[in-house]
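> The structure that follows is given in the form of structure tokens.
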Amino acid sequence: MRKSGRAVGERLRILGLETSCDETSVALLDVGARGESVRLVKHVVSSQIEIHAKYGGVVPEVAARTHVAEVVSLLTSVLGRRPLEAFDAIAVTRGPGLATALRVGIQAAQTLAWLGAKPIIGVNHLEGHIASAWLLPENRRAWSFPALALLVSGGHTELVRMDDYCRYTVVGSTRDDAAGEAFDKSAKLLGLGYPGGPVISRLATQGRDDAFDLPRPMLHDKTLDMSFSGLKTAIRRIVEAQRSNVRRPSFLERAPDGRRTFDLCASIERAIVEVLVAKTIRAAKETGARTVLLVGGVSANARLRRDLAAAVRRELPGAALLKTPVKFSTDNAAMIVAAGAWRLMRGERHDWKKLDAEPELDL
Amino acid sequence: MKRSTIKHHWSVPDERGWSVVAREVVALLRPGSVLALQGPLGAGKTTFVQALAKELAAERVPKSPTFSMLRTYRVRRPSASLGTGWIQRLLHVDAYRIEHERDLIPLDLDAELAASDAILVIEWPEHAAHWLKSRPHLILRIKILKQGRKAEIQNDQ
């Protein structure tokens with residue numbers, strides 16, 4: 001990475017591309033030189049617009065899967081008729097993710113950087129998630145270091161200490177399944193469909209969260225690591241016990257029909273959220289965090305938002321909880337721009353010729 | 001083509017039991033080997049891969065690849081099959097989220113295996129049946145018992 005001597009002056013219109021996994025997203029943000037103001041000019045995610053309609057329904061299957069058709073369509077809709085005049089710099093996800101998927105975004109960004117002679121910055125997808133909280137003005141005002149981020153999604157569950165912009169240390173993480181995956185697979189075992197998080201949360205509001213005793217592995221151990229894979233076995237046991245007890249009514253069978261599912265969903269949600277909250281608070285205490293960041297797809301979970309807020313108030317006096325806006329919690333390009341802006345403001349650049357996908361990139 | 005039939009099974013009373021299975025399975029692998037892992041949710045497929053990675057002297061402990069679909073780990077272990085060099089990468093694939101087999105294409109598995117320094121372990125091989133059909137592979141089936149697990153290995157005949 002190259003460092004130029006001075007930071008970029010005035011305002012910067014930054015184009016962002018995100019193609020690391022399932023979503024294709026393009027965003028254009030107008031960012032003040034020191035991040036004092038951030039304006040979202042345009043932001044699109046592939047699932048939001050009818051690409052197939054534009055192509056008359058003929059999207060080559062492989063291209064569709066690898067974001068090619070999406071990225072072209074989204075760039076056209078964001079940049080308009082004078083694409084190279086619409087932005088000053090480009091931020092693109094370089095990892096972690098699928099190499100072939102990442103390369104679609106990177107190659108599009110490289111082409112635009114070369115054509116327009118614009119600076120380009122490759123962004124770590126995980127840093128993007130952390131920066132998503134920065135898109136909210138009140139969060140930017142309250143932001144202070146050290147910060148402790150709980151990054152929680154379908155693919156990641158990490159506790160990250162942040163000592164300054166762009167300076168991270170992963171202090172804890174899941175050892176097996178991500179928390180979002182724990183929700184999804186629990187829902188699958190209960191036959192409730194996909195994605196599991198929203199379904200379980202919705203049903204949980206009508207259940208008793210102490211109805212089932214589910215494991216909270218590693219809750220009391222000294223590390224900041226977590227484990228969620230044991231939940232699957234526990235849920236399977238409950239489901240099977242119910243099946244084999246059909247002729248011998250148990251407490252499960254005596255519950256009014258349908259209640260068991262509500263109760264089990266509430267118990268699952270509580271088990272997952274309790275571990276996340278306890279480990280986050282412990283990590284924040286150990287790092288002396290002044291702000292706690294809640295980011296990633298699972299940060300949209302209402303109970304997690306509520307319980308973590310209460311725990312921060314109770315156990316971390318003086319610290320602020322900064323939650324990512326729900327619309328920026330899942331994979332999106334606006335957060336990639338936000339992280340790119342941090343880097344660009346420090347004068348960092350990549351050489352477009354040397355930028356490549358890094359599927360196993362760490363923070 | 002004639003291949004000798006391998007068939008063997010283990011009883012796995014608890015999580016620690018996977019290390020025995022992993023040690024014996026590694027002896028069947030060489031660069032380019034494909035191992036399909038069958039078993040229901042919560043059977044211990046990823047736990048087995050963690051034991052396998054340890055046996056291969058991986059630098060990191062594998063995590064669930066369900067979301068990313070493919071995770072790659074650096075490992076270092078001489079192939080048990082003399083003359084076939086080192087196993088240097090462990091490709092951990094999860095086809096759980098694969099709905100159509102064309103979704104496997106972006107994983108570029110053929111190119112990864114062509115490098116002949118890697119073994120590939122795939123969870124939910126039922127979702128990649130067509131891809132697997134055209135290449136020799138081993139199958140490790142995991143069954144959930146009342147107490148513990150049973151694991152059974154055989155080749156694709």
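Order determines the names: the first chain of the structure tokens is A, the second B, and so forth; residues in each chain are numbered 1 upward, and ligands are numbered 1 upward as they are shown.
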Mind the document's chain letters and residue numbers, and return as a PDB file with N, CA and C atoms, in the first residue's frame the residues of chain B that DSSP labels strand (DSSP E).


```
ATOM      1  N   LYS B   7     -13.896 -50.050   3.652  1.00  0.00           N
ATOM      2  CA  LYS B   7     -15.048 -49.880   4.500  1.00  0.00           C
ATOM      3  C   LYS B   7     -14.618 -50.077   5.946  1.00  0.00           C
ATOM      4  N   HIS B   8     -14.954 -49.095   6.748  1.00  0.00           N
ATOM      5  CA  HIS B   8     -14.519 -49.174   8.129  1.00  0.00           C
ATOM      6  C   HIS B   8     -15.430 -48.280   8.955  1.00  0.00           C
ATOM      7  N   HIS B   9     -15.630 -48.654  10.217  1.00  0.00           N
ATOM      8  CA  HIS B   9     -16.418 -47.722  11.013  1.00  0.00           C
ATOM      9  C   HIS B   9     -15.847 -47.556  12.413  1.00  0.00           C
ATOM     10  N   TRP B  10     -16.206 -46.428  13.007  1.00  0.00           N
ATOM     11  CA  TRP B  10     -15.723 -46.072  14.348  1.00  0.00           C
ATOM     12  C   TRP B  10     -16.925 -45.726  15.206  1.00  0.00           C
ATOM     13  N   SER B  11     -16.810 -45.981  16.487  1.00  0.00           N
ATOM     14  CA  SER B  11     -17.810 -45.394  17.364  1.00  0.00           C
ATOM     15  C   SER B  11     -17.143 -44.203  18.051  1.00  0.00           C
ATOM     16  N   VAL B  12     -17.865 -43.096  18.084  1.00  0.00           N
ATOM     17  CA  VAL B  12     -17.306 -41.836  18.582  1.00  0.00           C
ATOM     18  C   VAL B  12     -18.117 -41.423  19.811  1.00  0.00           C
ATOM     19  N   VAL B  34     -10.616 -36.193  -2.352  1.00  0.00           N
ATOM     20  CA  VAL B  34     -11.884 -35.547  -2.019  1.00  0.00           C
ATOM     21  C   VAL B  34     -12.589 -36.418  -0.990  1.00  0.00           C
ATOM     22  N   LEU B  35     -13.016 -35.800   0.097  1.00  0.00           N
ATOM     23  CA  LEU B  35     -13.724 -36.522   1.154  1.00  0.00           C
ATOM     24  C   LEU B  35     -15.097 -35.880   1.344  1.00  0.00           C
ATOM     25  N   ALA B  36     -16.135 -36.678   1.106  1.00  0.00           N
ATOM     26  CA  ALA B  36     -17.502 -36.181   1.297  1.00  0.00           C
ATOM     27  C   ALA B  36     -17.953 -36.522   2.709  1.00  0.00           C
ATOM     28  N   LEU B  37     -18.487 -35.530   3.407  1.00  0.00           N
ATOM     29  CA  LEU B  37     -18.934 -35.729   4.787  1.00  0.00           C
ATOM     30  C   LEU B  37     -20.448 -35.698   4.836  1.00  0.00           C
ATOM     31  N   GLN B  38     -21.046 -36.850   5.132  1.00  0.00           N
ATOM     32  CA  GLN B  38     -22.506 -36.895   5.215  1.00  0.00           C
ATOM     33  C   GLN B  38     -22.952 -36.969   6.659  1.00  0.00           C
ATOM     34  N   LEU B  70     -16.665 -21.734   1.194  1.00  0.00           N
ATOM     35  CA  LEU B  70     -15.332 -22.320   1.047  1.00  0.00           C
ATOM     36  C   LEU B  70     -14.373 -21.598   1.978  1.00  0.00           C
ATOM     37  N   ARG B  71     -13.684 -22.367   2.778  1.00  0.00           N
ATOM     38  CA  ARG B  71     -12.594 -21.792   3.561  1.00  0.00           C
ATOM     39  C   ARG B  71     -11.346 -22.622   3.319  1.00  0.00           C
ATOM     40  N   THR B  72     -10.214 -21.954   3.233  1.00  0.00           N
ATOM     41  CA  THR B  72      -8.958 -22.617   2.920  1.00  0.00           C
ATOM     42  C   THR B  72      -8.008 -22.482   4.093  1.00  0.00           C
ATOM     43  N   TYR B  73      -7.366 -23.580   4.463  1.00  0.00           N
ATOM     44  CA  TYR B  73      -6.422 -23.558   5.575  1.00  0.00           C
ATOM     45  C   TYR B  73      -5.063 -24.077   5.122  1.00  0.00           C
ATOM     46  N   ARG B  74      -4.009 -23.390   5.573  1.00  0.00           N
ATOM     47  CA  ARG B  74      -2.653 -23.883   5.320  1.00  0.00           C
ATOM     48  C   ARG B  74      -2.388 -25.048   6.264  1.00  0.00           C
ATOM     49  N   VAL B  75      -1.909 -26.141   5.715  1.00  0.00           N
ATOM     50  CA  VAL B  75      -1.550 -27.293   6.544  1.00  0.00           C
ATOM     51  C   VAL B  75      -0.179 -27.781   6.079  1.00  0.00           C
ATOM     52  N   ARG B  76       0.410 -28.719   6.800  1.00  0.00           N
ATOM     53  CA  ARG B  76       1.705 -29.258   6.374  1.00  0.00           C
ATOM     54  C   ARG B  76       1.809 -30.679   6.872  1.00  0.00           C
ATOM     55  N   ARG B  77       1.739 -31.591   5.949  1.00  0.00           N
ATOM     56  CA  ARG B  77       1.781 -32.995   6.346  1.00  0.00           C
ATOM     57  C   ARG B  77       2.191 -33.808   5.120  1.00  0.00           C
ATOM     58  N   PRO B  78       3.172 -34.677   5.272  1.00  0.00           N
ATOM     59  CA  PRO B  78       3.524 -35.504   4.120  1.00  0.00           C
ATOM     60  C   PRO B  78       2.376 -36.452   3.813  1.00  0.00           C
ATOM     61  N   TRP B  86       3.578 -33.443  -0.359  1.00  0.00           N
ATOM     62  CA  TRP B  86       2.964 -32.827   0.818  1.00  0.00           C
ATOM     63  C   TRP B  86       1.502 -32.475   0.599  1.00  0.00           C
ATOM     64  N   ILE B  87       0.727 -32.592   1.670  1.00  0.00           N
ATOM     65  CA  ILE B  87      -0.594 -31.964   1.691  1.00  0.00           C
ATOM     66  C   ILE B  87      -0.384 -30.587   2.321  1.00  0.00           C
ATOM     67  N   GLN B  88      -0.642 -29.530   1.553  1.00  0.00           N
ATOM     68  CA  GLN B  88      -0.318 -28.182   2.041  1.00  0.00           C
ATOM     69  C   GLN B  88      -1.522 -27.287   2.259  1.00  0.00           C
ATOM     70  N   ARG B  89      -2.668 -27.701   1.696  1.00  0.00           N
ATOM     71  CA  ARG B  89      -3.869 -26.902   1.918  1.00  0.00           C
ATOM     72  C   ARG B  89      -5.048 -27.819   2.199  1.00  0.00           C
ATOM     73  N   LEU B  90      -5.911 -27.364   3.093  1.00  0.00           N
ATOM     74  CA  LEU B  90      -7.159 -28.059   3.360  1.00  0.00           C
ATOM     75  C   LEU B  90      -8.290 -27.156   2.860  1.00  0.00           C
ATOM     76  N   LEU B  91      -9.036 -27.655   1.869  1.00  0.00           N
ATOM     77  CA  LEU B  91     -10.165 -26.888   1.343  1.00  0.00           C
ATOM     78  C   LEU B  91     -11.425 -27.406   2.036  1.00  0.00           C
ATOM     79  N   HIS B  92     -12.082 -26.540   2.774  1.00  0.00           N
ATOM     80  CA  HIS B  92     -13.271 -26.936   3.534  1.00  0.00           C
ATOM     81  C   HIS B  92     -14.485 -26.314   2.859  1.00  0.00           C
ATOM     82  N   VAL B  93     -15.248 -27.161   2.184  1.00  0.00           N
ATOM     83  CA  VAL B  93     -16.391 -26.685   1.409  1.00  0.00           C
ATOM     84  C   VAL B  93     -17.681 -27.071   2.126  1.00  0.00           C
ATOM     85  N   ASP B  94     -18.655 -26.203   2.094  1.00  0.00           N
ATOM     86  CA  ASP B  94     -19.970 -26.525   2.635  1.00  0.00           C
ATOM     87  C   ASP B  94     -21.027 -26.236   1.569  1.00  0.00           C
ATOM     88  N   ALA B 118      -3.567 -29.941  -2.337  1.00  0.00           N
ATOM     89  CA  ALA B 118      -4.678 -29.759  -1.395  1.00  0.00           C
ATOM     90  C   ALA B 118      -5.547 -31.008  -1.299  1.00  0.00           C
ATOM     91  N   ILE B 119      -6.193 -31.171  -0.130  1.00  0.00           N
ATOM     92  CA  ILE B 119      -7.294 -32.116  -0.048  1.00  0.00           C
ATOM     93  C   ILE B 119      -8.574 -31.308   0.150  1.00  0.00           C
ATOM     94  N   LEU B 120      -9.664 -31.865  -0.326  1.00  0.00           N
ATOM     95  CA  LEU B 120     -10.932 -31.157  -0.275  1.00  0.00           C
ATOM     96  C   LEU B 120     -11.925 -31.954   0.553  1.00  0.00           C
ATOM     97  N   VAL B 121     -12.503 -31.309   1.548  1.00  0.00           N
ATOM     98  CA  VAL B 121     -13.537 -31.940   2.363  1.00  0.00           C
ATOM     99  C   VAL B 121     -14.823 -31.180   2.104  1.00  0.00           C
ATOM    100  N   ILE B 122     -15.879 -31.908   1.745  1.00  0.00           N
ATOM    101  CA  ILE B 122     -17.126 -31.225   1.402  1.00  0.00           C
ATOM    102  C   ILE B 122     -18.278 -31.704   2.281  1.00  0.00           C
ATOM    103  N   GLU B 123     -18.915 -30.750   2.972  1.00  0.00           N
ATOM    104  CA  GLU B 123     -20.106 -31.040   3.764  1.00  0.00           C
ATOM    105  C   GLU B 123     -21.346 -30.893   2.889  1.00  0.00           C
ATOM    106  N   LEU B 138     -13.928 -40.328  -1.238  1.00  0.00           N
ATOM    107  CA  LEU B 138     -14.277 -41.123  -0.068  1.00  0.00           C
ATOM    108  C   LEU B 138     -15.504 -40.505   0.576  1.00  0.00           C
ATOM    109  N   ILE B 139     -16.298 -41.352   1.220  1.00  0.00           N
ATOM    110  CA  ILE B 139     -17.474 -40.836   1.917  1.00  0.00           C
ATOM    111  C   ILE B 139     -17.360 -41.194   3.400  1.00  0.00           C
ATOM    112  N   LEU B 140     -17.465 -40.190   4.236  1.00  0.00           N
ATOM    113  CA  LEU B 140     -17.531 -40.431   5.682  1.00  0.00           C
ATOM    114  C   LEU B 140     -18.949 -40.104   6.122  1.00  0.00           C
ATOM    115  N   ARG B 141     -19.670 -41.142   6.567  1.00  0.00           N
ATOM    116  CA  ARG B 141     -21.060 -40.955   7.011  1.00  0.00           C
ATOM    117  C   ARG B 141     -21.107 -40.869   8.522  1.00  0.00           C
ATOM    118  N   ILE B 142     -21.753 -39.854   9.026  1.00  0.00           N
ATOM    119  CA  ILE B 142     -21.862 -39.722  10.480  1.00  0.00           C
ATOM    120  C   ILE B 142     -23.317 -39.918  10.886  1.00  0.00           C
ATOM    121  N   LYS B 143     -23.517 -40.838  11.821  1.00  0.00           N
ATOM    122  CA  LYS B 143     -24.877 -41.071  12.328  1.00  0.00           C
ATOM    123  C   LYS B 143     -24.954 -40.625  13.783  1.00  0.00           C
ATOM    124  N   ILE B 144     -26.069 -40.012  14.129  1.00  0.00           N
ATOM    125  CA  ILE B 144     -26.262 -39.596  15.515  1.00  0.00           C
ATOM    126  C   ILE B 144     -26.922 -40.745  16.271  1.00  0.00           C
ATOM    127  N   ARG B 149     -21.741 -40.729  18.540  1.00  0.00           N
ATOM    128  CA  ARG B 149     -21.906 -40.805  17.091  1.00  0.00           C
ATOM    129  C   ARG B 149     -21.273 -42.082  16.556  1.00  0.00           C
ATOM    130  N   LYS B 150     -21.708 -42.458  15.360  1.00  0.00           N
ATOM    131  CA  LYS B 150     -21.044 -43.534  14.648  1.00  0.00           C
ATOM    132  C   LYS B 150     -20.559 -42.957  13.334  1.00  0.00           C
ATOM    133  N   ALA B 151     -19.319 -43.245  12.960  1.00  0.00           N
ATOM    134  CA  ALA B 151     -18.770 -42.753  11.698  1.00  0.00           C
ATOM    135  C   ALA B 151     -18.362 -43.947  10.863  1.00  0.00           C
ATOM    136  N   GLU B 152     -18.652 -43.873   9.567  1.00  0.00           N
ATOM    137  CA  GLU B 152     -18.385 -44.999   8.686  1.00  0.00           C
ATOM    138  C   GLU B 152     -17.781 -44.466   7.396  1.00  0.00           C
ATOM    139  N   ILE B 153     -16.676 -45.067   6.988  1.00  0.00           N
ATOM    140  CA  ILE B 153     -16.049 -44.574   5.756  1.00  0.00           C
ATOM    141  C   ILE B 153     -16.095 -45.638   4.662  1.00  0.00           C
ATOM    142  N   GLN B 154     -16.265 -45.198   3.434  1.00  0.00           N
ATOM    143  CA  GLN B 154     -16.171 -46.091   2.283  1.00  0.00           C
ATOM    144  C   GLN B 154     -15.838 -45.258   1.060  1.00  0.00           C
ATOM    145  N   ASN B 155     -15.370 -45.906  -0.002  1.00  0.00           N
ATOM    146  CA  ASN B 155     -15.153 -45.138  -1.229  1.00  0.00           C
ATOM    147  C   ASN B 155     -16.433 -45.121  -2.041  1.00  0.00           C
TER     148      ASN B 155
END
```

> Please provide as a VMD selection string all residues within 10 Å of Thr66 (chain B), with the sequence filter that same-chain residues fewer than 6 positions apart are discarded (counting only C-alpha atoms).

(chain A and resid 154 to 155 177 to 178 181) or (chain B and resid 46 92 to 98 123 to 124)

> Could you list, as a ChimeraX atom specification, every residue within 10 Å of region 300-303 of chain A, counting only C-alpha atoms and ignoring same-chain residues fewer than 5 positions away?

/A:152-153,180,197-198,200-202,204-205,269-270,273-274,294-295,308-309,323-330

> Compute the set of chain B residues within 12 Å of chain A, using only C-alpha atoms, and express it as a PyMOL selection string.

chain B and resi 15+40-50+60-74+91+93+96-109+111-112+144-149

> If we count only C-alpha atoms and set the cut-off at 8 Å, which residues sit around region 208-224 of chain A, ignoring sequence neighbours fewer than 3 positions away in its own chain? Please answer as a PyMOL selection string.

chain A and resi 159+171-173+204+227-228+230-231+234-235+262-272+275+278-279+282-283

> Considering only alpha helix (DSSP H) as DSSP defines it on the backbone, what residues of region 93-254 of chain A qualify? List them as a short mmCIF file (atom, residue, chain, number, x, y, z; two decimals) with N, CA and C atoms, in the first residue's frame.


```
data_model
loop_
_atom_site.label_atom_id
_atom_site.label_comp_id
_atom_site.auth_asym_id
_atom_site.auth_seq_id
_atom_site.Cartn_x
_atom_site.Cartn_y
_atom_site.Cartn_z
N ALA A 99 -13.15 -15.87 -3.89
CA ALA A 99 -12.22 -15.23 -4.82
C ALA A 99 -12.92 -14.80 -6.11
N THR A 100 -13.68 -15.71 -6.70
CA THR A 100 -14.30 -15.38 -7.99
C THR A 100 -15.31 -14.24 -7.84
N ALA A 101 -16.03 -14.22 -6.74
CA ALA A 101 -17.01 -13.16 -6.52
C ALA A 101 -16.31 -11.82 -6.26
N LEU A 102 -15.28 -11.85 -5.41
CA LEU A 102 -14.54 -10.62 -5.10
C LEU A 102 -13.95 -10.00 -6.36
N ARG A 103 -13.45 -10.87 -7.26
CA ARG A 103 -12.76 -10.37 -8.45
C ARG A 103 -13.68 -9.60 -9.37
N VAL A 104 -14.96 -9.93 -9.37
CA VAL A 104 -15.90 -9.19 -10.23
C VAL A 104 -15.93 -7.72 -9.80
N GLY A 105 -16.05 -7.47 -8.52
CA GLY A 105 -16.06 -6.09 -8.02
C GLY A 105 -14.71 -5.42 -8.21
N ILE A 106 -13.65 -6.17 -7.93
CA ILE A 106 -12.30 -5.59 -8.03
C ILE A 106 -11.99 -5.21 -9.47
N GLN A 107 -12.34 -6.08 -10.41
CA GLN A 107 -12.02 -5.77 -11.81
C GLN A 107 -12.84 -4.60 -12.33
N ALA A 108 -14.09 -4.51 -11.90
CA ALA A 108 -14.89 -3.35 -12.29
C ALA A 108 -14.26 -2.08 -11.73
N ALA A 109 -13.84 -2.14 -10.47
CA ALA A 109 -13.24 -0.97 -9.82
C ALA A 109 -11.90 -0.61 -10.48
N GLN A 110 -11.12 -1.61 -10.79
CA GLN A 110 -9.82 -1.36 -11.45
C GLN A 110 -10.03 -0.67 -12.80
N THR A 111 -11.02 -1.15 -13.54
CA THR A 111 -11.30 -0.57 -14.86
C THR A 111 -11.66 0.91 -14.73
N LEU A 112 -12.55 1.20 -13.76
CA LEU A 112 -12.96 2.59 -13.56
C LEU A 112 -11.80 3.45 -13.06
N ALA A 113 -10.95 2.89 -12.21
CA ALA A 113 -9.81 3.64 -11.68
C ALA A 113 -8.85 4.00 -12.82
N TRP A 114 -8.66 3.05 -13.69
CA TRP A 114 -7.73 3.26 -14.82
C TRP A 114 -8.33 4.24 -15.82
N LEU A 115 -9.59 4.02 -16.19
CA LEU A 115 -10.24 4.90 -17.17
C LEU A 115 -10.29 6.34 -16.68
N GLY A 116 -10.61 6.52 -15.40
CA GLY A 116 -10.81 7.87 -14.88
C GLY A 116 -9.60 8.42 -14.15
N HIS A 125 -13.75 -6.40 4.17
CA HIS A 125 -15.19 -6.50 4.38
C HIS A 125 -15.56 -6.33 5.87
N LEU A 126 -14.73 -6.88 6.75
CA LEU A 126 -15.03 -6.80 8.19
C LEU A 126 -14.87 -5.38 8.70
N GLU A 127 -13.87 -4.67 8.19
CA GLU A 127 -13.72 -3.26 8.54
C GLU A 127 -14.94 -2.48 8.03
N GLY A 128 -15.44 -2.89 6.87
CA GLY A 128 -16.65 -2.27 6.33
C GLY A 128 -17.82 -2.41 7.31
N HIS A 129 -18.00 -3.61 7.86
CA HIS A 129 -19.09 -3.80 8.83
C HIS A 129 -18.91 -2.87 10.02
N ILE A 130 -17.68 -2.77 10.53
CA ILE A 130 -17.44 -1.88 11.68
C ILE A 130 -17.76 -0.44 11.30
N ALA A 131 -17.35 -0.05 10.10
CA ALA A 131 -17.56 1.34 9.65
C ALA A 131 -19.03 1.63 9.37
N SER A 132 -19.85 0.59 9.25
CA SER A 132 -21.27 0.82 8.96
C SER A 132 -21.93 1.64 10.07
N PRO A 137 -25.07 9.91 11.75
CA PRO A 137 -24.43 11.13 12.26
C PRO A 137 -24.23 11.12 13.77
N GLU A 138 -25.25 10.70 14.55
CA GLU A 138 -25.07 10.74 16.01
C GLU A 138 -23.99 9.76 16.47
N ASN A 139 -23.82 8.65 15.74
CA ASN A 139 -22.73 7.73 16.08
C ASN A 139 -21.37 8.38 15.83
N ARG A 140 -21.25 9.14 14.72
CA ARG A 140 -19.96 9.78 14.41
C ARG A 140 -19.58 10.77 15.51
N ARG A 141 -20.61 11.49 16.02
CA ARG A 141 -20.33 12.47 17.07
C ARG A 141 -19.89 11.80 18.37
N ALA A 142 -20.50 10.64 18.68
CA ALA A 142 -20.21 9.98 19.97
C ALA A 142 -18.97 9.09 19.91
N ALA A 179 -23.06 -16.66 15.05
CA ALA A 179 -24.34 -16.52 15.73
C ALA A 179 -25.50 -16.52 14.72
N GLY A 180 -25.31 -15.87 13.58
CA GLY A 180 -26.36 -15.83 12.57
C GLY A 180 -26.66 -17.23 12.03
N GLU A 181 -25.60 -18.01 11.91
CA GLU A 181 -25.76 -19.39 11.46
C GLU A 181 -26.51 -20.21 12.52
N ALA A 182 -26.25 -19.93 13.78
CA ALA A 182 -26.95 -20.63 14.87
C ALA A 182 -28.46 -20.37 14.77
N PHE A 183 -28.83 -19.12 14.48
CA PHE A 183 -30.25 -18.82 14.27
C PHE A 183 -30.80 -19.60 13.07
N ASP A 184 -30.07 -19.55 11.95
CA ASP A 184 -30.55 -20.19 10.72
C ASP A 184 -30.73 -21.69 10.89
N LYS A 185 -29.73 -22.33 11.52
CA LYS A 185 -29.80 -23.78 11.63
C LYS A 185 -30.81 -24.22 12.68
N SER A 186 -31.00 -23.41 13.71
CA SER A 186 -32.06 -23.71 14.68
C SER A 186 -33.41 -23.68 13.97
N ALA A 187 -33.61 -22.66 13.15
CA ALA A 187 -34.88 -22.54 12.42
C ALA A 187 -35.07 -23.74 11.49
N LYS A 188 -33.98 -24.18 10.88
CA LYS A 188 -34.04 -25.34 9.98
C LYS A 188 -34.47 -26.59 10.75
N LEU A 189 -33.87 -26.79 11.94
CA LEU A 189 -34.22 -27.96 12.74
C LEU A 189 -35.67 -27.92 13.19
N GLY A 196 -33.32 -17.72 9.23
CA GLY A 196 -33.83 -18.13 10.53
C GLY A 196 -33.93 -17.03 11.56
N GLY A 197 -33.03 -16.05 11.51
CA GLY A 197 -32.99 -15.01 12.54
C GLY A 197 -34.32 -14.28 12.69
N PRO A 198 -34.80 -13.68 11.59
CA PRO A 198 -36.06 -12.94 11.68
C PRO A 198 -37.24 -13.83 12.12
N VAL A 199 -37.30 -15.07 11.62
CA VAL A 199 -38.41 -15.97 11.98
C VAL A 199 -38.39 -16.26 13.47
N ILE A 200 -37.21 -16.64 13.97
CA ILE A 200 -37.11 -16.99 15.39
C ILE A 200 -37.44 -15.78 16.26
N SER A 201 -36.92 -14.61 15.87
CA SER A 201 -37.20 -13.40 16.66
C SER A 201 -38.69 -13.10 16.72
N ARG A 202 -39.35 -13.27 15.58
CA ARG A 202 -40.78 -12.93 15.54
C ARG A 202 -41.56 -13.87 16.45
N LEU A 203 -41.26 -15.17 16.35
CA LEU A 203 -41.99 -16.14 17.18
C LEU A 203 -41.59 -16.01 18.65
N ALA A 204 -40.35 -15.60 18.88
CA ALA A 204 -39.85 -15.51 20.27
C ALA A 204 -40.63 -14.50 21.09
N GLY A 230 -23.00 -26.34 19.58
CA GLY A 230 -23.67 -27.29 20.48
C GLY A 230 -25.17 -27.09 20.56
N LEU A 231 -25.60 -25.89 20.17
CA LEU A 231 -27.03 -25.59 20.22
C LEU A 231 -27.84 -26.52 19.31
N LYS A 232 -27.24 -26.90 18.18
CA LYS A 232 -27.94 -27.75 17.22
C LYS A 232 -28.31 -29.09 17.86
N THR A 233 -27.33 -29.69 18.55
CA THR A 233 -27.58 -30.99 19.18
C THR A 233 -28.65 -30.86 20.25
N ALA A 234 -28.58 -29.79 21.04
CA ALA A 234 -29.57 -29.59 22.11
C ALA A 234 -30.98 -29.45 21.52
N ILE A 235 -31.10 -28.72 20.44
CA ILE A 235 -32.43 -28.53 19.84
C ILE A 235 -32.94 -29.83 19.22
N ARG A 236 -32.02 -30.54 18.57
CA ARG A 236 -32.41 -31.83 18.00
C ARG A 236 -32.98 -32.75 19.08
N ARG A 237 -32.32 -32.79 20.25
CA ARG A 237 -32.78 -33.64 21.35
C ARG A 237 -34.19 -33.26 21.77
N ILE A 238 -34.43 -31.97 21.87
CA ILE A 238 -35.75 -31.50 22.30
C ILE A 238 -36.81 -31.92 21.27
N VAL A 239 -36.48 -31.73 20.00
CA VAL A 239 -37.43 -32.08 18.94
C VAL A 239 -37.71 -33.58 18.96
N GLU A 240 -36.64 -34.38 19.11
CA GLU A 240 -36.83 -35.83 19.08
C GLU A 240 -37.55 -36.34 20.32
N ALA A 241 -37.26 -35.73 21.46
CA ALA A 241 -37.93 -36.12 22.70
C ALA A 241 -39.43 -35.91 22.55
N GLN A 242 -39.78 -34.83 21.91
CA GLN A 242 -41.19 -34.54 21.71
C GLN A 242 -41.84 -35.60 20.84
N ARG A 243 -41.13 -36.00 19.76
CA ARG A 243 -41.67 -37.00 18.85
C ARG A 243 -41.89 -38.33 19.56
N SER A 244 -40.88 -38.75 20.34
CA SER A 244 -40.99 -40.07 20.93
C SER A 244 -41.93 -40.08 22.13
N PHE A 251 -44.39 -32.62 29.67
CA PHE A 251 -44.71 -31.19 29.84
C PHE A 251 -44.78 -30.51 28.49
N LEU A 252 -44.04 -31.08 27.51
CA LEU A 252 -44.06 -30.49 26.18
C LEU A 252 -45.45 -30.64 25.58
N GLU A 253 -45.98 -31.87 25.72
CA GLU A 253 -47.24 -32.18 25.06
C GLU A 253 -48.43 -31.50 25.73
N ARG A 254 -48.27 -31.20 27.01
CA ARG A 254 -49.39 -30.59 27.71
C ARG A 254 -49.55 -29.11 27.37
#
```

> Could you please determine the separation between CA of Arg30 (chain B) and CA of Leu132 (chain B) in Å, to one decimal place?

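Calculated distance between CA of Arg30 (chain B) and CA of Leu132 (chain B) is 17.1 Å.
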
> Tell me, as a list in words, which residues lie within 10 Å of Ala284 (chain A), counting only C-alpha atoms; anything in the same chain fewer than 2 positions away does not count.

Pro146, Ala147, Leu148, Ala149, Leu150, Leu159, Val160, Arg161, Ala278, Lys279, Thr280, Ile281, Arg282, Glu286, Thr287, Gly288, Ala289, Arg290, Thr291, Val292, Val312, Glu315, Leu316 and Ala319 of chain A

> Given only C-alpha atoms as the basis, pick out the residue of A:Leu321, A:Ile120, A:Ala334, A:Ala33 nearest to Ala91 (chain A).

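Nearest candidate to Ala91 (chain A) out of A:Leu321, A:Ile120, A:Ala334, A:Ala33: A:Ile120.
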
> Could you please determine the separation between CA of Val41 (chain A) and CA of Leu28 (chain A) in Å, to one decimal place?

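Going from CA of Val41 (chain A) over to CA of Leu28 (chain A), I get 5.4 Å.
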